[in-house]
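Participant: Provided below: entry27.cif, containing mmCIF, C-alpha atoms.
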```cif
data_query
#
loop_
_atom_site.group_PDB
_atom_site.id
_atom_site.type_symbol
_atom_site.label_atom_id
_atom_site.label_comp_id
_atom_site.auth_asym_id
_atom_site.auth_seq_id
_atom_site.Cartn_x
_atom_site.Cartn_y
_atom_site.Cartn_z
ATOM 1 C CA MET A 1 90.954 115.865 109.518
ATOM 2 C CA LYS A 2 93.238 113.520 111.423
ATOM 3 C CA VAL A 3 96.375 111.841 110.077
ATOM 4 C CA LEU A 4 98.516 109.111 111.635
ATOM 5 C CA ILE A 5 102.188 108.565 110.756
ATOM 6 C CA VAL A 6 103.828 105.264 111.701
ATOM 7 C CA GLY A 7 107.611 105.620 111.692
ATOM 8 C CA TYR A 8 109.988 108.496 112.330
ATOM 9 C CA GLY A 9 113.004 108.163 110.098
ATOM 10 C CA ALA A 10 114.760 110.729 107.932
ATOM 11 C CA HIS A 11 112.018 110.634 105.309
ATOM 12 C CA THR A 12 109.269 111.343 107.850
ATOM 13 C CA LYS A 13 111.248 114.233 109.288
ATOM 14 C CA ARG A 14 112.310 115.819 105.973
ATOM 15 C CA ARG A 15 109.337 115.146 103.699
ATOM 16 C CA ILE A 16 106.207 113.782 105.367
ATOM 17 C CA ILE A 17 105.722 116.127 108.322
ATOM 18 C CA PRO A 18 106.643 119.363 106.456
ATOM 19 C CA ALA A 19 104.147 118.454 103.714
ATOM 20 C CA LEU A 20 101.344 117.633 106.150
ATOM 21 C CA VAL A 21 101.665 120.859 108.137
ATOM 22 C CA LYS A 22 101.029 122.827 104.921
ATOM 23 C CA ILE A 23 97.546 121.325 104.584
ATOM 24 C CA ASN A 24 95.083 123.587 106.396
ATOM 25 C CA ASN A 25 92.341 120.963 106.668
ATOM 26 C CA ILE A 26 94.464 118.704 108.868
ATOM 27 C CA ARG A 27 93.608 119.358 112.501
ATOM 28 C CA ASP A 28 95.557 116.579 114.240
ATOM 29 C CA ILE A 29 98.763 114.755 113.359
ATOM 30 C CA HIS A 30 99.651 111.716 115.438
ATOM 31 C CA LEU A 31 102.979 109.893 115.279
ATOM 32 C CA ILE A 32 103.888 106.350 116.334
ATOM 33 C CA THR A 33 107.585 105.770 116.853
ATOM 34 C CA GLU A 34 109.991 103.542 118.734
ATOM 35 C CA ARG A 35 112.252 106.535 119.320
ATOM 36 C CA ASP A 36 112.273 108.514 122.557
ATOM 37 C CA LEU A 37 111.022 111.886 121.334
ATOM 38 C CA GLN A 38 109.751 114.944 123.136
ATOM 39 C CA GLU A 39 106.695 116.535 121.533
ATOM 40 C CA GLU A 40 108.319 119.950 121.421
ATOM 41 C CA GLU A 41 110.929 118.528 119.051
ATOM 42 C CA ILE A 42 108.459 118.234 116.202
ATOM 43 C CA GLY A 43 105.798 120.814 116.942
ATOM 44 C CA LYS A 44 102.164 120.169 117.753
ATOM 45 C CA ILE A 45 102.218 116.456 117.000
ATOM 46 C CA LYS A 46 100.944 113.911 119.492
ATOM 47 C CA ILE A 47 103.458 111.125 119.972
ATOM 48 C CA PHE A 48 102.698 107.499 120.801
ATOM 49 C CA ASN A 49 105.202 104.761 121.459
ATOM 50 C CA TYR A 50 105.070 101.773 119.159
ATOM 51 C CA SER A 51 104.033 99.634 122.160
ATOM 52 C CA GLU A 52 100.744 101.610 122.230
ATOM 53 C CA ILE A 53 99.767 100.755 118.672
ATOM 54 C CA ASP A 54 97.259 98.067 119.684
ATOM 55 C CA ASN A 55 95.497 100.424 122.101
ATOM 56 C CA LEU A 56 94.727 103.248 119.683
ATOM 57 C CA ASN A 57 91.024 103.987 119.444
ATOM 58 C CA VAL A 58 90.955 106.794 116.866
ATOM 59 C CA VAL A 59 89.530 106.912 113.352
ATOM 60 C CA TYR A 60 91.956 108.625 110.963
ATOM 61 C CA ASP A 61 91.284 110.176 107.585
ATOM 62 C CA LEU A 62 94.650 108.920 106.367
ATOM 63 C CA ILE A 63 97.436 106.706 107.713
ATOM 64 C CA LEU A 64 101.010 106.999 106.421
ATOM 65 C CA ILE A 65 103.406 104.086 106.985
ATOM 66 C CA SER A 66 107.118 104.818 106.687
ATOM 67 C CA ASN A 67 109.364 102.178 108.218
ATOM 68 C CA TYR A 68 111.761 99.453 107.131
ATOM 69 C CA PRO A 69 110.279 97.713 104.050
ATOM 70 C CA ILE A 70 110.172 94.354 105.810
ATOM 71 C CA LYS A 71 107.830 95.854 108.458
ATOM 72 C CA HIS A 72 105.367 97.706 106.229
ATOM 73 C CA ILE A 73 102.718 95.020 105.838
ATOM 74 C CA ASP A 74 102.885 93.935 109.487
ATOM 75 C CA ILE A 75 102.257 97.552 110.509
ATOM 76 C CA PHE A 76 99.404 97.832 108.018
ATOM 77 C CA GLU A 77 97.752 94.774 109.543
ATOM 78 C CA LYS A 78 97.976 96.354 113.005
ATOM 79 C CA VAL A 79 96.385 99.681 112.018
ATOM 80 C CA ARG A 80 94.127 98.677 109.093
ATOM 81 C CA ASN A 81 90.949 99.122 111.122
ATOM 82 C CA LEU A 82 91.817 102.719 112.042
ATOM 83 C CA SER A 83 91.294 104.160 108.527
ATOM 84 C CA SER A 84 90.060 103.385 105.031
ATOM 85 C CA LYS A 85 92.942 105.229 103.320
ATOM 86 C CA PHE A 86 96.647 104.388 103.488
ATOM 87 C CA ILE A 87 99.864 105.512 101.855
ATOM 88 C CA ILE A 88 102.757 103.099 102.366
ATOM 89 C CA GLU A 89 106.296 104.143 101.498
ATOM 90 C CA LYS A 90 107.953 102.285 98.671
ATOM 91 C CA PRO A 91 108.517 99.476 98.485
ATOM 92 C CA ILE A 92 105.151 98.473 99.860
ATOM 93 C CA THR A 93 106.963 95.374 101.141
ATOM 94 C CA SER A 94 110.161 93.432 100.583
ATOM 95 C CA ASN A 95 108.303 90.132 101.134
ATOM 96 C CA LEU A 96 107.082 89.834 97.555
ATOM 97 C CA GLU A 97 106.197 86.160 97.753
ATOM 98 C CA LYS A 98 103.673 86.846 100.517
ATOM 99 C CA PHE A 99 102.325 89.994 98.873
ATOM 100 C CA LEU A 100 101.662 88.288 95.533
ATOM 101 C CA LYS A 101 99.647 85.403 96.963
ATOM 102 C CA ASP A 102 95.964 85.529 95.961
ATOM 103 C CA ASP A 103 94.724 84.899 99.491
ATOM 104 C CA PHE A 104 96.620 88.003 100.618
ATOM 105 C CA ASP A 105 94.167 90.250 98.742
ATOM 106 C CA SER A 106 91.576 89.998 101.502
ATOM 107 C CA LEU A 107 93.820 92.135 103.711
ATOM 108 C CA PHE A 108 93.132 95.105 101.387
ATOM 109 C CA HIS A 109 89.371 94.568 101.169
ATOM 110 C CA GLU A 110 87.468 97.892 101.337
ATOM 111 C CA LYS A 111 90.736 99.801 101.770
ATOM 112 C CA LEU A 112 92.344 102.328 99.457
ATOM 113 C CA VAL A 113 96.080 101.679 99.610
ATOM 114 C CA TYR A 114 98.624 103.702 97.650
ATOM 115 C CA GLU A 115 102.315 103.138 97.440
ATOM 116 C CA SER A 116 104.085 106.449 97.953
ATOM 117 C CA ASN A 117 105.131 107.484 94.455
ATOM 118 C CA ALA A 118 104.803 111.212 94.996
ATOM 119 C CA PHE A 119 106.361 112.120 91.640
ATOM 120 C CA GLN A 120 103.150 110.944 89.945
ATOM 121 C CA PHE A 121 101.252 113.840 91.573
ATOM 122 C CA HIS A 122 103.650 116.561 90.453
ATOM 123 C CA PRO A 123 102.637 118.720 87.435
ATOM 124 C CA LEU A 124 105.908 117.692 85.793
ATOM 125 C CA TYR A 125 104.602 114.139 85.511
ATOM 126 C CA GLN A 126 101.361 115.334 83.963
ATOM 127 C CA LYS A 127 103.484 116.949 81.269
ATOM 128 C CA VAL A 128 105.165 113.575 80.685
ATOM 129 C CA LYS A 129 101.782 111.938 80.091
ATOM 130 C CA ASP A 130 100.669 114.746 77.775
ATOM 131 C CA ILE A 131 103.825 114.453 75.673
ATOM 132 C CA ILE A 132 103.475 110.681 75.308
ATOM 133 C CA GLU A 133 99.836 111.053 74.273
ATOM 134 C CA ARG A 134 100.479 113.798 71.705
ATOM 135 C CA ASN A 135 103.710 112.619 70.085
ATOM 136 C CA ASN A 136 104.958 109.703 68.058
ATOM 137 C CA VAL A 137 107.186 108.334 70.816
ATOM 138 C CA LEU A 138 109.944 105.940 69.771
ATOM 139 C CA LYS A 139 111.854 105.333 72.991
ATOM 140 C CA ILE A 140 111.759 106.127 76.719
ATOM 141 C CA VAL A 141 114.949 106.049 78.789
ATOM 142 C CA SER A 142 115.139 106.657 82.532
ATOM 143 C CA PHE A 143 117.858 106.591 85.197
ATOM 144 C CA PHE A 144 117.646 106.653 88.965
ATOM 145 C CA THR A 145 121.050 106.048 90.530
ATOM 146 C CA ILE A 146 122.434 107.371 93.816
ATOM 147 C CA PRO A 147 125.885 107.577 95.470
ATOM 148 C CA ASN A 148 126.968 105.318 98.300
ATOM 149 C CA LEU A 149 125.333 105.780 101.696
ATOM 150 C CA ASP A 150 126.486 105.204 105.255
ATOM 151 C CA GLU A 151 127.397 101.528 105.581
ATOM 152 C CA LYS A 152 124.829 101.143 108.393
ATOM 153 C CA ASN A 153 121.968 102.323 106.174
ATOM 154 C CA TYR A 154 119.119 99.786 105.983
ATOM 155 C CA ARG A 155 119.382 99.769 102.174
ATOM 156 C CA TYR A 156 122.483 97.580 102.565
ATOM 157 C CA ARG A 157 120.758 95.145 104.948
ATOM 158 C CA LYS A 158 118.762 92.364 103.361
ATOM 159 C CA GLU A 159 116.970 91.453 106.606
ATOM 160 C CA LEU A 160 115.394 94.948 106.706
ATOM 161 C CA GLY A 161 114.412 94.957 103.040
ATOM 162 C CA GLY A 162 117.603 96.316 101.500
ATOM 163 C CA SER A 163 117.597 96.059 97.699
ATOM 164 C CA SER A 164 118.421 98.446 94.888
ATOM 165 C CA ILE A 165 115.533 97.388 92.666
ATOM 166 C CA LEU A 166 113.129 97.894 95.587
ATOM 167 C CA ASP A 167 114.611 101.270 96.507
ATOM 168 C CA GLN A 168 115.834 102.959 93.317
ATOM 169 C CA GLY A 169 114.507 100.643 90.604
ATOM 170 C CA VAL A 170 110.941 100.842 91.837
ATOM 171 C CA TYR A 171 110.775 104.495 90.690
ATOM 172 C CA PRO A 172 111.278 104.018 86.919
ATOM 173 C CA ILE A 173 109.398 100.709 87.007
ATOM 174 C CA SER A 174 106.458 102.446 88.727
ATOM 175 C CA LEU A 175 106.541 105.162 86.072
ATOM 176 C CA ILE A 176 106.368 102.684 83.192
ATOM 177 C CA VAL A 177 103.628 100.579 84.807
ATOM 178 C CA ASP A 178 101.581 103.708 85.523
ATOM 179 C CA LEU A 179 101.963 104.914 81.935
ATOM 180 C CA PHE A 180 101.289 101.629 80.162
ATOM 181 C CA ASN A 181 99.537 99.396 82.735
ATOM 182 C CA ASP A 182 100.167 95.736 81.946
ATOM 183 C CA ASN A 183 101.011 96.377 78.289
ATOM 184 C CA LEU A 184 104.714 95.779 78.824
ATOM 185 C CA LYS A 185 107.059 93.189 77.391
ATOM 186 C CA LEU A 186 110.380 92.621 79.141
ATOM 187 C CA GLU A 187 113.068 91.636 76.652
ATOM 188 C CA LYS A 188 116.294 91.827 78.635
ATOM 189 C CA TYR A 189 117.047 92.513 82.292
ATOM 190 C CA GLU A 190 119.912 92.043 84.687
ATOM 191 C CA LEU A 191 120.728 92.758 88.318
ATOM 192 C CA CYS A 192 124.134 93.397 89.854
ATOM 193 C CA ILE A 193 124.501 91.296 93.011
ATOM 194 C CA ASP A 194 126.876 92.125 95.860
ATOM 195 C CA ASP A 195 127.834 88.691 97.212
ATOM 196 C CA LYS A 196 129.162 90.130 100.456
ATOM 197 C CA LEU A 197 125.950 92.040 101.258
ATOM 198 C CA ASP A 198 123.734 89.447 99.553
ATOM 199 C CA ILE A 199 121.629 92.150 97.892
ATOM 200 C CA ASP A 200 121.221 93.599 94.426
ATOM 201 C CA THR A 201 122.981 96.962 94.051
ATOM 202 C CA GLY A 202 121.849 97.941 90.567
ATOM 203 C CA GLY A 203 120.288 96.765 87.360
ATOM 204 C CA PHE A 204 118.536 97.519 84.107
ATOM 205 C CA VAL A 205 115.575 96.375 82.058
ATOM 206 C CA HIS A 206 114.964 96.754 78.338
ATOM 207 C CA GLY A 207 111.573 96.105 76.806
ATOM 208 C CA LYS A 208 108.669 97.423 74.779
ATOM 209 C CA ALA A 209 105.361 99.088 75.568
ATOM 210 C CA LEU A 210 102.266 99.997 73.548
ATOM 211 C CA LYS A 211 102.841 101.044 69.917
ATOM 212 C CA ASN A 212 106.224 99.283 70.043
ATOM 213 C CA ILE A 213 107.786 102.029 72.184
ATOM 214 C CA LYS A 214 111.248 100.952 73.326
ATOM 215 C CA ILE A 215 111.859 101.091 77.073
ATOM 216 C CA GLU A 216 115.242 101.343 78.819
ATOM 217 C CA LEU A 217 115.387 101.678 82.606
ATOM 218 C CA TYR A 218 118.538 101.846 84.765
ATOM 219 C CA TRP A 219 118.979 102.075 88.538
ATOM 220 C CA GLY A 220 121.563 101.513 91.230
ATOM 221 C CA ILE A 221 123.314 102.517 94.424
ATOM 222 C CA ASN A 222 127.005 103.442 94.857
ATOM 223 C CA GLN A 223 126.894 105.246 91.507
ATOM 224 C CA GLU A 224 126.854 108.783 90.155
ATOM 225 C CA TYR A 225 123.600 110.568 90.994
ATOM 226 C CA LYS A 226 121.204 110.500 88.038
ATOM 227 C CA ASN A 227 117.489 111.222 88.311
ATOM 228 C CA GLU A 228 116.052 111.755 84.857
ATOM 229 C CA LEU A 229 113.657 110.763 82.125
ATOM 230 C CA ARG A 230 114.221 111.133 78.383
ATOM 231 C CA ILE A 231 111.453 110.731 75.821
ATOM 232 C CA PHE A 232 112.587 110.338 72.216
ATOM 233 C CA ALA A 233 109.949 111.258 69.654
ATOM 234 C CA GLN A 234 110.152 111.752 65.898
ATOM 235 C CA ASN A 235 112.814 114.471 65.376
ATOM 236 C CA LYS A 236 112.583 115.668 69.001
ATOM 237 C CA GLU A 237 113.748 114.743 72.494
ATOM 238 C CA PHE A 238 112.123 115.698 75.799
ATOM 239 C CA TYR A 239 114.405 115.762 78.842
ATOM 240 C CA PHE A 240 113.050 115.753 82.413
ATOM 241 C CA PRO A 241 115.678 116.280 85.142
ATOM 242 C CA PHE A 242 114.723 115.419 88.752
ATOM 243 C CA ILE A 243 111.691 113.475 87.554
ATOM 244 C CA TYR A 244 111.480 111.342 90.706
ATOM 245 C CA SER A 245 112.947 112.989 93.812
ATOM 246 C CA LYS A 246 113.171 116.788 93.948
ATOM 247 C CA PRO A 247 115.568 118.860 96.056
ATOM 248 C CA GLU A 248 113.888 121.052 98.646
ATOM 249 C CA ASN A 249 112.499 124.299 97.172
ATOM 250 C CA HIS A 250 113.236 123.022 93.679
ATOM 251 C CA THR A 251 111.669 124.748 90.679
ATOM 252 C CA SER A 252 110.908 122.060 88.111
ATOM 253 C CA SER A 253 111.336 122.427 84.385
ATOM 254 C CA TYR A 254 111.894 120.249 81.330
ATOM 255 C CA PHE A 255 113.618 120.650 77.971
ATOM 256 C CA GLU A 256 112.482 120.252 74.383
ATOM 257 C CA ILE A 257 115.548 119.401 72.317
ATOM 258 C CA GLU A 258 115.713 119.535 68.519
ATOM 259 C CA ILE A 259 118.651 119.719 66.158
ATOM 260 C CA GLU A 260 120.750 122.732 67.202
ATOM 261 C CA ASN A 261 117.956 123.996 69.441
ATOM 262 C CA SER A 262 116.980 123.466 73.085
ATOM 263 C CA ASN A 263 114.154 125.170 74.975
ATOM 264 C CA GLU A 264 113.641 125.038 78.736
ATOM 265 C CA LEU A 265 109.997 125.092 79.825
ATOM 266 C CA LEU A 266 109.219 126.094 83.396
ATOM 267 C CA ILE A 267 106.775 124.046 85.484
ATOM 268 C CA GLY A 268 107.171 125.633 88.927
ATOM 269 C CA ASN A 269 107.885 124.927 92.582
ATOM 270 C CA PHE A 270 105.568 122.294 94.079
ATOM 271 C CA ASP A 271 105.715 119.975 97.072
ATOM 272 C CA GLN A 272 104.818 116.680 95.460
ATOM 273 C CA PHE A 273 104.223 115.039 98.846
ATOM 274 C CA GLN A 274 101.706 117.719 99.803
ATOM 275 C CA LEU A 275 99.952 117.180 96.460
ATOM 276 C CA MET A 276 99.849 113.417 97.006
ATOM 277 C CA TYR A 277 98.452 113.704 100.533
ATOM 278 C CA GLU A 278 95.820 116.226 99.479
ATOM 279 C CA ASN A 279 94.770 113.997 96.600
ATOM 280 C CA MET A 280 94.280 111.056 98.954
ATOM 281 C CA LEU A 281 92.561 113.028 101.711
ATOM 282 C CA PHE A 282 89.987 114.596 99.408
ATOM 283 C CA GLN A 283 89.473 111.598 97.136
ATOM 284 C CA THR A 284 85.915 110.270 97.280
ATOM 285 C CA ASP A 285 85.946 107.562 94.602
ATOM 286 C CA SER A 286 87.308 104.243 95.823
ATOM 287 C CA ASN A 287 89.571 102.517 93.304
ATOM 288 C CA GLY A 288 91.271 100.178 95.742
ATOM 289 C CA ASN A 289 91.013 97.122 93.485
ATOM 290 C CA ASN A 290 92.657 98.965 90.577
ATOM 291 C CA GLU A 291 95.495 100.156 92.804
ATOM 292 C CA LEU A 292 96.071 96.652 94.157
ATOM 293 C CA ASP A 293 96.063 95.144 90.657
ATOM 294 C CA LYS A 294 98.623 97.697 89.519
ATOM 295 C CA LEU A 295 100.819 97.054 92.560
ATOM 296 C CA LYS A 296 100.671 93.289 92.096
ATOM 297 C CA TYR A 297 101.537 93.544 88.408
ATOM 298 C CA LYS A 298 104.485 95.819 89.145
ATOM 299 C CA TYR A 299 105.865 93.569 91.848
ATOM 300 C CA SER A 300 105.348 90.454 89.747
ATOM 301 C CA LEU A 301 107.738 92.045 87.220
ATOM 302 C CA ILE A 302 110.220 92.874 89.966
ATOM 303 C CA GLN A 303 109.982 89.393 91.457
ATOM 304 C CA ARG A 304 110.688 87.883 88.035
ATOM 305 C CA MET A 305 113.885 89.920 87.816
ATOM 306 C CA LEU A 306 114.945 89.010 91.350
ATOM 307 C CA GLN A 307 114.283 85.308 90.806
ATOM 308 C CA LYS A 308 116.527 85.252 87.759
ATOM 309 C CA ASN A 309 119.399 85.824 90.171
#
```
Once you've parsed the file, please lay out its structure as structure tokens.
Facilitator:
Amino acid sequence: MKVLIVGYGAHTKRRIIPALVKINNIRDIHLITERDLQEEEIGKIKIFNYSEIDNLNVVYDLILISNYPIKHIDIFEKVRNLSSKFIIEKPITSNLEKFLKDDFDSLFHEKLVYESNAFQFHPLYQKVKDIIERNNVLKIVSFFTIPNLDEKNYRYRKELGGSSILDQGVYPISLIVDLFNDNLKLEKYELCIDDKLDIDTGGFVHGKALKNIKIELYWGINQEYKNELRIFAQNKEFYFPFIYSKPENHTSSYFEIEIENSNELLIGNFDQFQLMYENMLFQTDSNGNNELDKLKYKYSLIQRMLQKN
């Protein structure tokens, strides 16, 4: 199998490449980057300069796109004929107006395109779905907030796709859309806008899902680190720490909490990116239209929140 990566930032270096090299069926990994890299820096990976992107004549089993959000769709258009399967880092784009246009759908015709939400492939997330299915759930609360980053980080730059709802908020919103599809009702939402940076730096949404389940989602940058999901059922709470991003070599677990009693249940140590890539590589059923519909619904919700401001 052959895989192409477009983009060599911190995420590619720390997460994408280490996950790919664990997959025995992958024979060749190619990398397109604007950086001046020597091949020995990153092992047996063939490096192409971004200027060579139009001259590639290889068919790949999977293409991974990890760049600035504003560039994702432009890159996809350049390499779309080189594979039938793509994983694009979140957000799939920061140009939501263009993405949500009906005539834009033709770009994805006969392609299977996933947004990179690796947490959905981790066994911890399967436990979340099992608990929701088997319990009388009353409320779901989730946080994904991170501390401040270097001031030069692209997340603070609107022209590159900087936005808290597109970087942190997309995690809990993706979780809720995946769990309940389009059966969501937004009741109250608000974004915190930094006038100097001209971007949103945090926000929340309250709403309801199927069976009148209450939903509360919170996200933001320049805050205390919180990465968790809480499911409140009748007389019991389920707590999932590190539901979205996991530290390296992290052993996942969750907690069942009752009055005066708390039990930790071990899940194990898994590379959720490896699991996601393997799922895509070995997937034979094409559900590209369903994935696109889900993406468009999710980003229509996000656009509604952004337009309010």
Participant: What's around A:Asp28 at 7 Å? Count all atoms listed in the file, leave out sequence neighbours fewer than 3 positions away in its own chain, and write the answer as a PyMOL selection string.
Facilitator: chain A and resi 1-3
Participant: Measure the distance from atom CA of A:Ile176 to atom CA of A:Gly207 in Å and round it to one decimal.
Facilitator: 10.5 Å
Participant: Please write the residues picked by the PyMOL selection byres ((chain A and resi 281) around 12) on this file as a PyMOL selection string.
Facilitator: chain A and resi 1-3+20+23-26+60-64+83-87+112+114+274-280+282-286
Participant: Check the smallest atom-to-atom distance from each of A:Asn290, A:Gln223, A:Ser94, A:Ser300 to A:His109 using only C-alpha atoms, then report the winner.
Facilitator: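 Among A:Asn290, A:Gln223, A:Ser94, A:Ser300, it is A:Asn290 that comes nearest to A:His109.
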Participant: Just so the selection is clear, what residues does the PyMOL selection byres ((chain A and resi 241) around 7) cover here, as a list in words?
Facilitator: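 Taken over the shown coordinates, the PyMOL selection byres ((chain A and resi 241) around 7) returns Asn227, Glu228, Leu229, Tyr239, Phe240, Phe242, Ile243 and Tyr254 of chain A.
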Participant: Distance cut-off 6 Å, centre (102.8, 114.8, 113.1) in file coordinates, counting only C-alpha atoms: which residues qualify? Return them as a PDB file with C-alpha atoms, keeping the file's coordinate frame.
Facilitator:
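See selection.pdb below for the written result:
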```pdb
ATOM      1  CA  ILE A  17     105.722 116.127 108.322  1.00  0.00           C
ATOM      2  CA  ILE A  29      98.763 114.755 113.359  1.00  0.00           C
ATOM      3  CA  HIS A  30      99.651 111.716 115.438  1.00  0.00           C
ATOM      4  CA  LEU A  31     102.979 109.893 115.279  1.00  0.00           C
ATOM      5  CA  ILE A  45     102.218 116.456 117.000  1.00  0.00           C
TER       6      ILE A  45
END
```
Participant: With only C-alpha atoms as the basis for distance, which of A:Val137, A:Leu197, A:Ile213, A:Val170 is at the shortest distance from A:Gln234?
Facilitator: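 Closest to A:Gln234, using only C-alpha atoms: A:Val137.
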Participant: Translate the PyMOL selection byres ((chain A and resi 144) around 9), as applied to the file shown, into an explicit residue set as an MDAnalysis selection string.
Facilitator: chainID A and resid 142:143 145:146 168:169 171:172 217:221 225:229 244
